[in-house]
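File shown: input_2.cif (mmCIF, C-alpha atoms).
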data_run
loop_
_atom_site.label_atom_id
_atom_site.label_comp_id
_atom_site.auth_asym_id
_atom_site.auth_seq_id
_atom_site.Cartn_x
_atom_site.Cartn_y
_atom_site.Cartn_z
CA MET A 1 47.83 -79.60 5.22
CA TYR A 2 51.31 -78.54 6.29
CA ASP A 3 52.35 -74.90 6.18
CA VAL A 4 56.01 -74.68 5.12
CA ARG A 5 58.10 -71.53 4.75
CA PHE A 6 61.70 -71.21 3.61
CA CYS A 7 63.59 -68.19 4.85
CA ALA A 8 66.98 -66.86 3.83
CA GLY A 9 69.85 -68.73 5.42
CA ARG A 10 67.90 -71.86 6.39
CA ARG A 11 69.43 -75.18 5.26
CA VAL A 12 67.44 -78.27 4.41
CA SER A 13 68.98 -81.74 4.07
CA CYS A 14 68.77 -83.71 0.81
CA THR A 15 66.40 -86.16 2.48
CA GLY A 16 64.30 -83.27 3.69
CA ILE A 17 64.16 -81.75 0.20
CA LEU A 18 63.07 -85.06 -1.32
CA LEU A 19 60.41 -85.49 1.34
CA LEU A 20 59.12 -81.94 0.85
CA THR A 21 59.07 -82.40 -2.93
CA PHE A 22 57.05 -85.61 -2.56
CA LEU A 23 54.62 -84.06 -0.07
CA ARG A 24 54.13 -81.03 -2.27
CA ALA A 25 53.43 -83.23 -5.30
CA GLN A 26 50.81 -85.05 -3.23
CA GLY A 27 49.20 -81.73 -2.26
CA LYS A 28 49.98 -82.26 1.42
CA ILE A 29 52.06 -79.14 2.01
CA CYS A 30 51.62 -75.49 1.20
CA MET A 31 54.85 -73.74 0.16
CA LYS A 32 54.03 -70.23 1.27
CA GLU A 33 56.13 -67.25 0.25
CA LEU A 34 55.94 -63.51 0.66
CA ALA A 35 55.99 -61.30 -2.44
CA TYR A 36 55.65 -57.55 -2.79
CA VAL A 37 54.45 -54.94 -5.26
CA LEU A 38 55.70 -51.36 -5.05
CA ILE A 39 53.25 -49.13 -6.90
CA ASN A 40 55.28 -46.30 -8.39
CA PRO A 41 54.67 -42.61 -7.60
CA TYR A 42 53.76 -41.88 -11.23
CA THR A 43 51.15 -44.65 -11.23
CA ILE A 44 49.55 -43.15 -8.11
CA ARG A 45 49.64 -39.60 -9.51
CA LYS A 46 47.87 -40.78 -12.67
CA SER A 47 45.08 -42.44 -10.61
CA ARG A 48 45.98 -45.90 -11.91
CA LEU A 49 46.21 -47.35 -8.41
CA GLY A 50 42.81 -49.05 -8.44
CA GLY A 51 43.38 -50.73 -11.79
CA VAL A 52 46.75 -52.07 -10.72
CA ILE A 53 45.43 -53.45 -7.43
CA ALA A 54 42.49 -55.05 -9.23
CA ARG A 55 44.87 -57.01 -11.48
CA TYR A 56 46.78 -58.57 -8.60
CA LEU A 57 43.69 -59.35 -6.51
CA SER A 58 41.77 -60.93 -9.38
CA ARG A 59 44.50 -62.76 -11.27
CA THR A 60 46.16 -64.57 -8.38
CA ASP A 61 44.95 -66.73 -5.53
CA LEU A 62 47.30 -64.92 -3.15
CA ARG A 63 46.23 -63.17 0.05
CA LEU A 64 46.92 -59.46 0.38
CA VAL A 65 48.26 -59.35 3.93
CA ALA A 66 49.60 -55.80 4.27
CA ALA A 67 49.46 -52.43 2.51
CA ARG A 68 51.32 -49.27 3.45
CA MET A 69 52.12 -45.85 1.99
CA PHE A 70 55.77 -44.87 1.77
CA GLY A 71 57.50 -41.54 1.22
CA PRO A 72 61.00 -42.80 0.36
CA SER A 73 64.10 -40.86 1.35
CA MET A 74 67.16 -40.53 -0.88
CA GLU A 75 68.80 -43.20 1.28
CA LEU A 76 65.99 -45.68 0.65
CA ALA A 77 65.84 -44.93 -3.08
CA GLU A 78 69.60 -45.34 -3.47
CA GLY A 79 69.57 -48.50 -1.35
CA TYR A 80 66.90 -50.09 -3.53
CA ALA A 81 68.78 -49.03 -6.66
CA ARG A 82 71.92 -50.76 -5.37
CA CYS A 83 69.94 -53.97 -4.82
CA VAL A 84 68.82 -53.80 -8.45
CA VAL A 85 72.33 -53.20 -9.81
CA GLU A 86 73.71 -56.08 -7.75
CA ARG A 87 71.14 -58.56 -9.05
CA GLU A 88 72.73 -61.66 -10.51
CA ASP A 89 69.83 -62.27 -12.90
CA GLY A 90 68.80 -60.01 -15.74
CA THR A 91 71.12 -58.00 -17.97
CA PRO A 92 73.40 -55.25 -16.59
CA GLU A 93 71.86 -52.77 -19.04
CA MET A 94 68.30 -53.46 -17.89
CA ASN A 95 69.30 -53.48 -14.23
CA ARG A 96 70.96 -50.09 -14.67
CA LEU A 97 67.86 -48.72 -16.42
CA ILE A 98 65.64 -49.76 -13.52
CA ALA A 99 68.13 -48.54 -10.91
CA ASP A 100 68.36 -45.12 -12.58
CA TYR A 101 64.57 -44.95 -12.65
CA VAL A 102 64.33 -45.71 -8.92
CA THR A 103 66.98 -43.13 -8.03
CA LYS A 104 65.17 -40.46 -10.04
CA GLU A 105 61.49 -41.23 -9.39
CA TYR A 106 61.53 -42.54 -5.82
CA ALA A 107 63.91 -39.98 -4.32
CA PRO A 108 62.44 -36.76 -2.85
CA ASN A 109 61.71 -33.84 -5.15
CA VAL A 110 64.95 -31.95 -5.73
CA SER A 111 63.41 -28.47 -5.59
CA THR A 112 60.98 -28.93 -2.69
CA GLY A 113 62.58 -31.75 -0.72
CA ARG A 114 59.16 -33.41 -0.40
CA SER A 115 58.97 -37.17 -0.78
CA HIS A 116 56.88 -38.89 -3.41
CA ARG A 117 54.07 -41.29 -2.50
CA CYS A 118 54.39 -44.96 -3.35
CA MET A 119 52.41 -47.89 -2.00
CA CYS A 120 53.77 -51.25 -0.91
CA LEU A 121 51.53 -54.33 -1.07
CA LEU A 122 52.54 -57.65 0.50
CA PHE A 123 51.07 -60.89 -0.84
CA GLU A 124 51.30 -64.25 0.88
CA GLY A 125 50.70 -67.64 -0.66
CA GLU A 126 52.07 -70.62 -2.48
CA ASP A 127 54.60 -69.70 -5.18
CA ALA A 128 53.79 -66.04 -4.55
CA ILE A 129 56.92 -64.56 -6.13
CA ARG A 130 56.40 -66.27 -9.49
CA LYS A 131 52.67 -65.45 -9.56
CA ILE A 132 53.26 -61.76 -8.87
CA TRP A 133 56.04 -61.67 -11.46
CA GLU A 134 53.80 -63.19 -14.16
CA VAL A 135 50.94 -60.76 -13.54
CA THR A 136 53.43 -57.86 -13.56
CA GLY A 137 55.13 -58.69 -16.86
CA SER A 138 58.36 -57.60 -18.49
CA VAL A 139 59.58 -53.99 -18.36
CA THR A 140 60.18 -54.18 -22.12
CA LEU A 141 56.46 -54.83 -22.79
CA ARG A 142 57.35 -57.69 -25.10
CA TRP A 143 53.80 -58.91 -25.65
CA GLY A 144 52.32 -55.52 -26.52
CA CYS A 145 48.73 -56.59 -25.86
CA GLY A 146 47.79 -55.29 -22.41
CA GLN A 147 47.98 -58.75 -20.88
CA THR A 148 50.10 -57.73 -17.87
CA VAL A 149 50.18 -54.78 -15.47
CA ARG A 150 53.16 -53.23 -17.20
CA GLU A 151 51.74 -53.71 -20.69
CA THR A 152 48.61 -51.84 -19.59
CA TYR A 153 50.05 -49.16 -17.31
CA GLY A 154 53.76 -48.96 -18.19
CA ASP A 155 55.81 -47.51 -21.04
CA TYR A 156 59.06 -48.58 -22.70
CA ILE A 157 59.82 -46.41 -25.74
CA GLN A 158 62.91 -46.70 -27.94
CA ASN A 159 64.06 -44.61 -30.87
CA ASP A 160 65.24 -46.01 -34.19
CA SER A 161 68.70 -46.58 -32.73
CA GLY A 162 67.33 -48.73 -29.92
CA GLU A 163 67.96 -46.09 -27.26
CA VAL A 164 65.33 -45.97 -24.51
CA THR A 165 63.78 -42.49 -24.64
CA TYR A 166 61.00 -42.98 -22.09
CA PHE A 167 60.64 -45.58 -19.37
CA GLU A 168 57.86 -46.06 -16.81
CA PRO A 169 57.52 -49.61 -15.38
CA ALA A 170 54.30 -48.83 -13.40
CA VAL A 171 55.33 -51.07 -10.49
CA LEU A 172 58.44 -52.64 -8.98
CA VAL A 173 58.45 -56.30 -7.93
CA GLY A 174 61.01 -58.89 -6.91
CA PRO A 175 61.83 -61.65 -9.43
CA THR A 176 63.62 -64.02 -7.04
CA LYS A 177 63.39 -65.00 -3.40
CA ASP A 178 66.84 -63.60 -2.67
CA PHE A 179 65.98 -60.23 -4.20
CA VAL A 180 62.60 -60.11 -2.41
CA ASN A 181 64.26 -60.84 0.93
CA ARG A 182 66.96 -58.20 0.42
CA THR A 183 64.62 -55.43 -0.68
CA LEU A 184 61.96 -56.16 1.93
CA ARG A 185 64.58 -56.09 4.68
CA LEU A 186 65.63 -52.69 3.33
CA LEU A 187 62.04 -51.43 3.34
CA CYS A 188 61.54 -52.78 6.85
CA GLU A 189 64.42 -50.64 8.11
CA HIS A 190 62.74 -47.51 6.73
CA ILE A 191 59.16 -48.19 7.88
CA PRO A 192 59.44 -46.19 11.15
CA GLY A 193 60.47 -42.91 9.56
CA GLU A 194 59.26 -43.04 5.95
CA SER A 195 55.83 -44.65 5.94
CA GLY A 196 52.35 -44.27 7.37
CA LEU A 197 50.89 -40.81 6.74
CA VAL A 198 52.67 -39.49 3.63
CA ASN A 199 52.61 -35.99 2.14
CA SER A 200 49.75 -34.76 4.28
CA HIS A 201 48.95 -31.08 3.71
CA ASN A 202 46.84 -30.77 6.87
CA GLU A 203 43.66 -30.60 4.82
CA GLU A 204 40.38 -32.36 5.60
CA LYS A 205 40.76 -36.12 5.89
CA THR A 206 38.28 -38.95 5.69
CA LEU A 207 38.53 -42.69 6.23
CA VAL A 208 37.28 -45.19 3.68
CA MET A 209 37.11 -48.80 4.80
CA LEU A 210 36.60 -51.47 2.16
CA LYS A 211 34.54 -54.14 3.92
CA PRO A 212 35.10 -57.92 4.10
CA ASP A 213 32.73 -58.70 1.20
CA ASN A 214 35.45 -57.37 -1.12
CA PHE A 215 38.04 -59.91 0.02
CA GLN A 216 36.13 -63.19 0.29
CA ARG A 217 37.50 -64.45 -3.05
CA PRO A 218 39.81 -63.24 -5.84
CA SER A 219 37.99 -60.38 -7.56
CA LEU A 220 38.25 -56.95 -9.13
CA ARG A 221 35.98 -55.37 -6.52
CA ALA A 222 38.47 -53.65 -4.20
CA GLY A 223 40.51 -52.23 -7.07
CA ASN A 224 37.44 -51.07 -8.97
CA ILE A 225 36.12 -49.27 -5.89
CA ILE A 226 39.44 -47.46 -5.47
CA ASP A 227 39.28 -46.57 -9.16
CA LEU A 228 35.81 -45.03 -8.69
CA LEU A 229 37.02 -43.09 -5.65
CA SER A 230 39.86 -41.60 -7.68
CA SER A 231 37.29 -39.37 -9.44
CA SER A 232 37.11 -37.38 -6.18
CA GLY A 233 40.41 -35.69 -7.01
CA LEU A 234 41.61 -36.39 -3.45
CA ARG A 235 44.99 -37.78 -2.42
CA ILE A 236 45.47 -41.12 -0.66
CA VAL A 237 47.87 -40.35 2.16
CA ALA A 238 47.67 -43.56 4.22
CA THR A 239 46.49 -47.13 3.85
CA LYS A 240 46.38 -50.30 5.91
CA LYS A 241 45.25 -53.87 5.22
CA PHE A 242 44.00 -55.31 8.48
CA SER A 243 41.58 -57.59 10.28
CA MET A 244 39.35 -55.70 12.71
CA THR A 245 39.21 -57.20 16.19
CA VAL A 246 35.94 -57.60 18.05
CA SER A 247 37.04 -54.91 20.49
CA GLN A 248 37.80 -52.48 17.65
CA ALA A 249 34.46 -53.23 15.96
CA GLU A 250 32.55 -52.61 19.18
CA SER A 251 34.21 -49.22 19.56
CA PHE A 252 33.87 -48.39 15.86
CA TYR A 253 30.16 -49.23 15.63
CA GLY A 254 29.20 -48.44 19.21
CA PRO A 255 27.32 -45.22 18.25
CA VAL A 256 25.05 -47.31 15.99
CA VAL A 257 23.14 -48.69 19.00
CA LYS A 258 21.97 -45.30 20.23
CA SER A 259 21.20 -44.05 16.73
CA LEU A 260 19.13 -47.11 15.77
CA THR A 261 17.31 -47.10 19.11
CA GLU A 262 16.17 -43.53 18.45
CA LYS A 263 15.31 -44.04 14.77
CA PHE A 264 13.63 -47.46 14.82
CA PRO A 265 10.17 -46.23 15.98
CA VAL A 266 10.17 -44.01 12.87
CA PHE A 267 11.45 -46.29 10.11
CA GLY A 268 10.39 -49.57 11.74
CA ALA A 269 6.68 -48.79 12.16
CA ALA A 270 5.75 -49.51 8.55
CA ARG A 271 7.77 -52.76 8.59
CA VAL A 272 6.08 -53.96 11.79
CA ALA A 273 2.63 -53.00 10.49
CA SER A 274 3.29 -54.91 7.27
CA ALA A 275 4.51 -57.97 9.20
CA VAL A 276 1.39 -58.00 11.39
CA SER A 277 -0.87 -57.79 8.32
CA ARG A 278 1.06 -60.55 6.55
CA GLU A 279 1.35 -62.95 9.49
CA LEU A 280 -1.86 -62.33 11.45
CA GLY A 281 -4.27 -61.39 8.69
CA PHE A 282 -5.44 -58.02 10.00
CA SER A 283 -4.20 -54.46 9.61
CA VAL A 284 -2.70 -52.09 12.13
CA THR A 285 -1.78 -48.49 11.54
CA ASP A 286 1.78 -47.18 11.56
CA GLU A 287 0.89 -45.22 14.69
CA GLU A 288 -0.20 -48.38 16.48
CA ALA A 289 2.92 -50.21 15.32
CA ALA A 290 5.13 -47.34 16.49
CA GLY A 291 4.20 -48.08 20.10
CA LEU A 292 5.54 -51.62 19.79
CA CYS A 293 8.63 -50.34 17.98
CA THR A 294 9.41 -48.06 20.90
CA LYS A 295 9.32 -51.04 23.29
CA ILE A 296 11.61 -53.23 21.16
CA ALA A 297 13.84 -50.51 19.69
CA GLU A 298 16.81 -51.22 21.95
CA ARG A 299 16.61 -54.97 21.29
CA PHE A 300 16.46 -54.30 17.55
CA ALA A 301 19.45 -51.96 17.74
CA ARG A 302 21.47 -54.42 19.82
CA ASN A 303 20.75 -57.24 17.36
CA GLN A 304 21.78 -55.07 14.42
CA PHE A 305 24.96 -54.15 16.29
CA GLU A 306 25.74 -57.83 16.85
CA ASP A 307 25.17 -58.52 13.14
CA ILE A 308 27.52 -55.77 11.91
CA VAL A 309 30.28 -56.73 14.36
CA GLU A 310 30.00 -60.35 13.25
CA PHE A 311 30.17 -59.32 9.59
CA MET A 312 33.20 -57.09 10.15
CA THR A 313 35.14 -59.52 12.36
CA GLY A 314 33.77 -63.01 11.83
CA TYR A 315 32.67 -63.22 15.48
CA ARG A 316 29.44 -62.39 17.28
CA PRO A 317 30.51 -60.22 20.24
CA SER A 318 28.11 -61.82 22.71
CA ASP A 319 29.80 -65.17 22.02
CA VAL A 320 33.34 -63.88 22.66
CA PRO A 321 34.76 -63.75 26.20
CA GLU A 322 35.77 -60.23 27.22
CA ARG A 323 39.41 -61.27 27.63
CA GLU A 324 39.56 -62.43 23.98
CA LYS A 325 37.95 -59.47 22.24
CA ASP A 326 41.31 -57.78 21.61
CA ILE A 327 42.63 -60.78 19.68
CA ARG A 328 39.61 -62.27 17.89
CA ALA A 329 39.64 -61.13 14.24
CA GLY A 330 38.60 -63.23 11.26
CA ALA A 331 37.51 -60.94 8.42
CA GLU A 332 39.65 -58.64 6.26
CA CYS A 333 39.36 -54.92 5.50
CA LEU A 334 41.38 -52.27 3.70
CA GLY A 335 41.56 -48.78 5.20
CA LEU A 336 42.36 -45.75 3.04
CA VAL A 337 42.79 -42.16 4.19
CA TYR A 338 41.82 -39.56 1.59
CA GLU A 339 42.81 -35.92 2.00
CA GLY A 340 41.73 -32.72 0.31
CA GLU A 341 39.08 -30.02 0.21
CA ASN A 342 35.64 -31.31 1.27
CA ALA A 343 37.04 -34.83 1.48
CA VAL A 344 34.17 -36.21 3.59
CA ALA A 345 31.39 -34.96 1.29
CA LYS A 346 33.16 -35.96 -1.92
CA ILE A 347 33.78 -39.53 -0.81
CA ARG A 348 30.28 -40.03 0.59
CA ASP A 349 28.79 -38.78 -2.67
CA ILE A 350 30.79 -41.34 -4.67
CA LEU A 351 29.86 -44.14 -2.25
CA GLY A 352 26.14 -43.34 -2.46
CA ALA A 353 23.31 -44.02 -0.02
CA THR A 354 23.84 -46.55 2.76
CA ASP A 355 21.07 -48.72 1.29
CA PRO A 356 22.39 -49.92 -2.11
CA SER A 357 18.83 -50.12 -3.51
CA LYS A 358 18.47 -46.38 -2.91
CA ALA A 359 21.95 -45.37 -4.08
CA ARG A 360 22.27 -43.64 -7.43
CA PRO A 361 23.41 -45.66 -10.46
CA GLY A 362 27.18 -45.65 -10.84
CA SER A 363 27.84 -45.16 -7.12
CA VAL A 364 30.01 -47.64 -5.24
CA ARG A 365 27.21 -49.07 -3.14
CA ARG A 366 24.76 -49.36 -6.03
CA GLU A 367 27.34 -51.23 -8.10
CA PHE A 368 28.90 -53.41 -5.39
CA GLY A 369 26.56 -53.42 -2.38
CA THR A 370 24.02 -56.07 -1.40
CA ASN A 371 22.16 -54.55 1.54
CA ILE A 372 22.54 -51.87 4.20
CA MET A 373 25.19 -53.86 6.06
CA VAL A 374 26.94 -55.61 3.17
CA ASN A 375 27.39 -52.43 1.15
CA ALA A 376 31.03 -52.65 0.02
CA ALA A 377 32.51 -49.71 1.91
CA HIS A 378 32.27 -47.45 4.93
CA ALA A 379 33.11 -43.75 4.85
CA SER A 380 33.35 -41.30 7.74
CA ASP A 381 30.46 -38.86 8.03
CA SER A 382 32.52 -35.99 9.48
CA PRO A 383 36.17 -35.00 9.95
CA GLU A 384 35.74 -35.58 13.68
CA ASN A 385 34.43 -39.10 13.17
CA ALA A 386 37.20 -39.76 10.66
CA GLU A 387 39.77 -38.94 13.33
CA ARG A 388 37.98 -41.15 15.86
CA GLU A 389 37.72 -44.08 13.45
CA MET A 390 41.34 -43.82 12.30
CA LYS A 391 42.47 -44.07 15.90
CA ILE A 392 40.30 -47.11 16.56
CA ILE A 393 41.76 -49.12 13.68
CA ASP A 394 45.23 -47.64 14.26
CA ILE A 395 45.51 -46.69 10.59
CA LEU A 396 49.18 -45.71 10.97
CA GLY A 397 50.11 -48.82 12.95
CA ASP A 398 52.77 -51.03 11.38
CA ASN A 399 51.50 -54.54 10.65
CA MET A 400 53.87 -54.94 7.70
CA SER A 401 57.12 -55.51 9.60
CA PRO A 402 55.92 -58.74 11.29
CA PHE A 403 55.34 -60.37 7.90
CA ILE A 404 58.74 -59.25 6.61
CA ARG A 405 60.49 -60.56 9.73
CA LYS A 406 58.58 -63.83 9.49
CA TYR A 407 59.68 -64.57 5.94
CA CYS A 408 62.80 -62.55 5.14
CA TYR A 409 65.11 -62.67 8.17
#
Can you give me the file's structure in the form of structure tokens?
Amino acid sequence: MYDVRFCAGRRVSCTGILLLTFLRAQGKICMKELAYVLINPYTIRKSRLGGVIARYLSRTDLRLVAARMFGPSMELAEGYARCVVEREDGTPEMNRLIADYVTKEYAPNVSTGRSHRCMCLLFEGEDAIRKIWEVTGSVTLRWGCGQTVRETYGDYIQNDSGEVTYFEPAVLVGPTKDFVNRTLRLLCEHIPGESGLVNSHNEEKTLVMLKPDNFQRPSLRAGNIIDLLSSSGLRIVATKKFSMTVSQAESFYGPVVKSLTEKFPVFGAARVASAVSRELGFSVTDEEAAGLCTKIAERFARNQFEDIVEFMTGYRPSDVPEREKDIRAGAECLGLVYEGENAVAKIRDILGATDPSKARPGSVRREFGTNIMVNAAHASDSPENAEREMKIIDILGDNMSPFIRKYCY
């Protein structure tokens, strides 16, 4: 399978085009593109973020490669609006309607000067731009049946004279490769100063990390979890789609070894006693089993640690040379920073008990978890740990620009 990308400004000969067309028809090449979705500030304020994300993740075979919060400046909003007005496709009237919307809704609040939160998602895959466009739908809601993102979450209201009296497109996307390249280059220029941690009020923060089991195939899971978390009333102030390296996972889950070593003689005694009875045919008491648990506690903890690192990264740490631990990463996660009063407690209550079988009905882990390790999401257990964990995964680090430079320059 060949991996082919076309970037702006690159020329391909007629012979080359014919060859590529033939190879693509034979299924021998993969025409990858980069597409984006800008989730509008209004959509985020109305807690529709999870539903929107669920649509794109479940209705396309594209890979979500980056996610980042933006707080656009007037310069960015006006720059995007100009790109819309200068589009060669679409009607001038519709382009002006969208441009006016961007200038008004994406620019900072006039009275306070504070920026609004929007979220940018980058999707990579074959024919990505068309696939994202089809899931998004027309701004005029022409089908009127909830089939697309805009038909479900957007509004386009006209009076009897045909004048548009209310307009909310829910998301902004690029309809053509040229437009996608232009707007993503614009966003890339503003990443350093207008993205990362957005509209933080210096209140309590907590990290939620959606685990790899949510991204193994196209599904609603990640979006539905975000939708459940919206009931907390907290604000999402940062997000990052990333693959955790072995080194990061070892640091992140390092405290697990000590904790499990201390706790295993307590919770493991009954399991060991049951195993002895089942395998050897005679009974031992929990007290007798506890002595054995104490001797093997560290080995048990280390094995569990190896299992969780492998699940989170795709690699067993004992199999990875030390020099490669900073680069080995094979599984995908989505980090979200929630902020507000009692953020840690509110999120952990919605997630439910670590063991999905013991979590309350309706909680994230009860609905989406499989076992203690594969339990859909991680949440910090204290503000201090949230700060530690956010640093480990570099939640504010920019991994969006490399994709934009790869495809759009």
note - atom CA of A:Cys293 and atom CA of A:Ala249 are separated by 26.1 Å
Counting all atoms listed in the file, closest pick from A:Arg360, A:His378, A:Lys241, A:His201 relative to A:Cys120 is A:Lys241
query: Distance atom CA of A:Ala379-atom CA of A:Ser231, one decimal place?
result: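 Between atom CA of A:Ala379 and atom CA of A:Ser231 the gap works out to 15.5 Å.
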The PyMOL selection byres ((chain A and resi 33) around 8) applied to the shown file, residues as a list in words
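Answer for the PyMOL selection byres ((chain A and resi 33) around 8): Arg5, Phe6, Met31, Lys32, Leu34, Ala35, Glu124, Gly125, Glu126, Asp127, Ala128, Ile129 and Tyr407 of chain A.
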| message | Using all atoms listed in the file for the distances, tell me which of A:Asp349, A:Asp227, A:Val84, A:Glu204 is nearest to A:Glu384. | response |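 Under the stated criterion, the closest residue is A:Glu204.
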A straight line from atom CA of A:Arg59 to atom CA of A:Pro175 spans 17.5 Å
Open item on the list: Env of A:Leu38: 6 Å cut, atoms = all atoms listed in the file, seq-sep filter 3 positions within chain, self excluded. Answer as a PyMOL selection string.
Closed with: chain A and resi 119-120+171-172
Draw an axis-aligned box tight on the listed atoms of stretch 104-109 of chain A, then pad every side by 3 Å and write out centre and edge lengths in Å to one decimal as JSON.
{"center_x": 63.3, "center_y": -38.2, "center_z": -6.4, "size_x": 9.7, "size_y": 14.7, "size_z": 13.2}
Within 10 Å of stretch 52-56 of chain A, counting only C-alpha atoms, which residues show up once you throw out same-chain ones fewer than 3 positions away? Write them as a ChimeraX atom specification, please.
/A:37,39,43-44,47-49,59-64,121,123,131-132,135-136,148-150,152-153,170-171,218-227
*asked:* Restricting the calculation to only C-alpha atoms: of A:Glu78, A:Asp398, A:Thr285, A:Tyr409, which residue gets closest to A:Pro192?
replied: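 The closest residue to A:Pro192 is A:Asp398.
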Distance criterion (all atoms listed in the file): nearest to A:Glu75 out of A:Val102, A:Ala377, A:Cys333, A:Ile393
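Closest candidate: A:Val102.
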Between A:Ile395, A:Leu260, A:Cys188, A:Val173, single out the one closest to A:Glu298, counting all atoms listed in the file.
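Result for the nearest residue to A:Glu298: A:Leu260.
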- request: Name the residues captured by the PyMOL selection byres ((chain A and resi 234) around 6) when it is applied to the shown file; answer as a count of residues only.
  value: 6
Among A:Leu336, A:Ala329, A:Ile191, A:Cys408, A:Gln248 is approached most closely, using only C-alpha atoms, by A:Ala329
### Message
Using only C-alpha atoms, list the residues that have an atom at most 12 Å from (24.8, -48.9, -10.5), coordinates as in the file, as a list in words.
### Response
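Checked against the point, the hits come out as Leu228, Ile350, Leu351, Gly352, Ala353, Pro356, Ser357, Lys358, Ala359, Arg360, Pro361, Gly362, Ser363, Val364, Arg365, Arg366, Glu367, Phe368, Gly369 and Thr370 of chain A.
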*Counting only C-alpha atoms, what is within 10 Å of A:Tyr166, bar same-chain residues fewer than 3 positions away, as a ChimeraX atom specification?*
/A:155-159,163
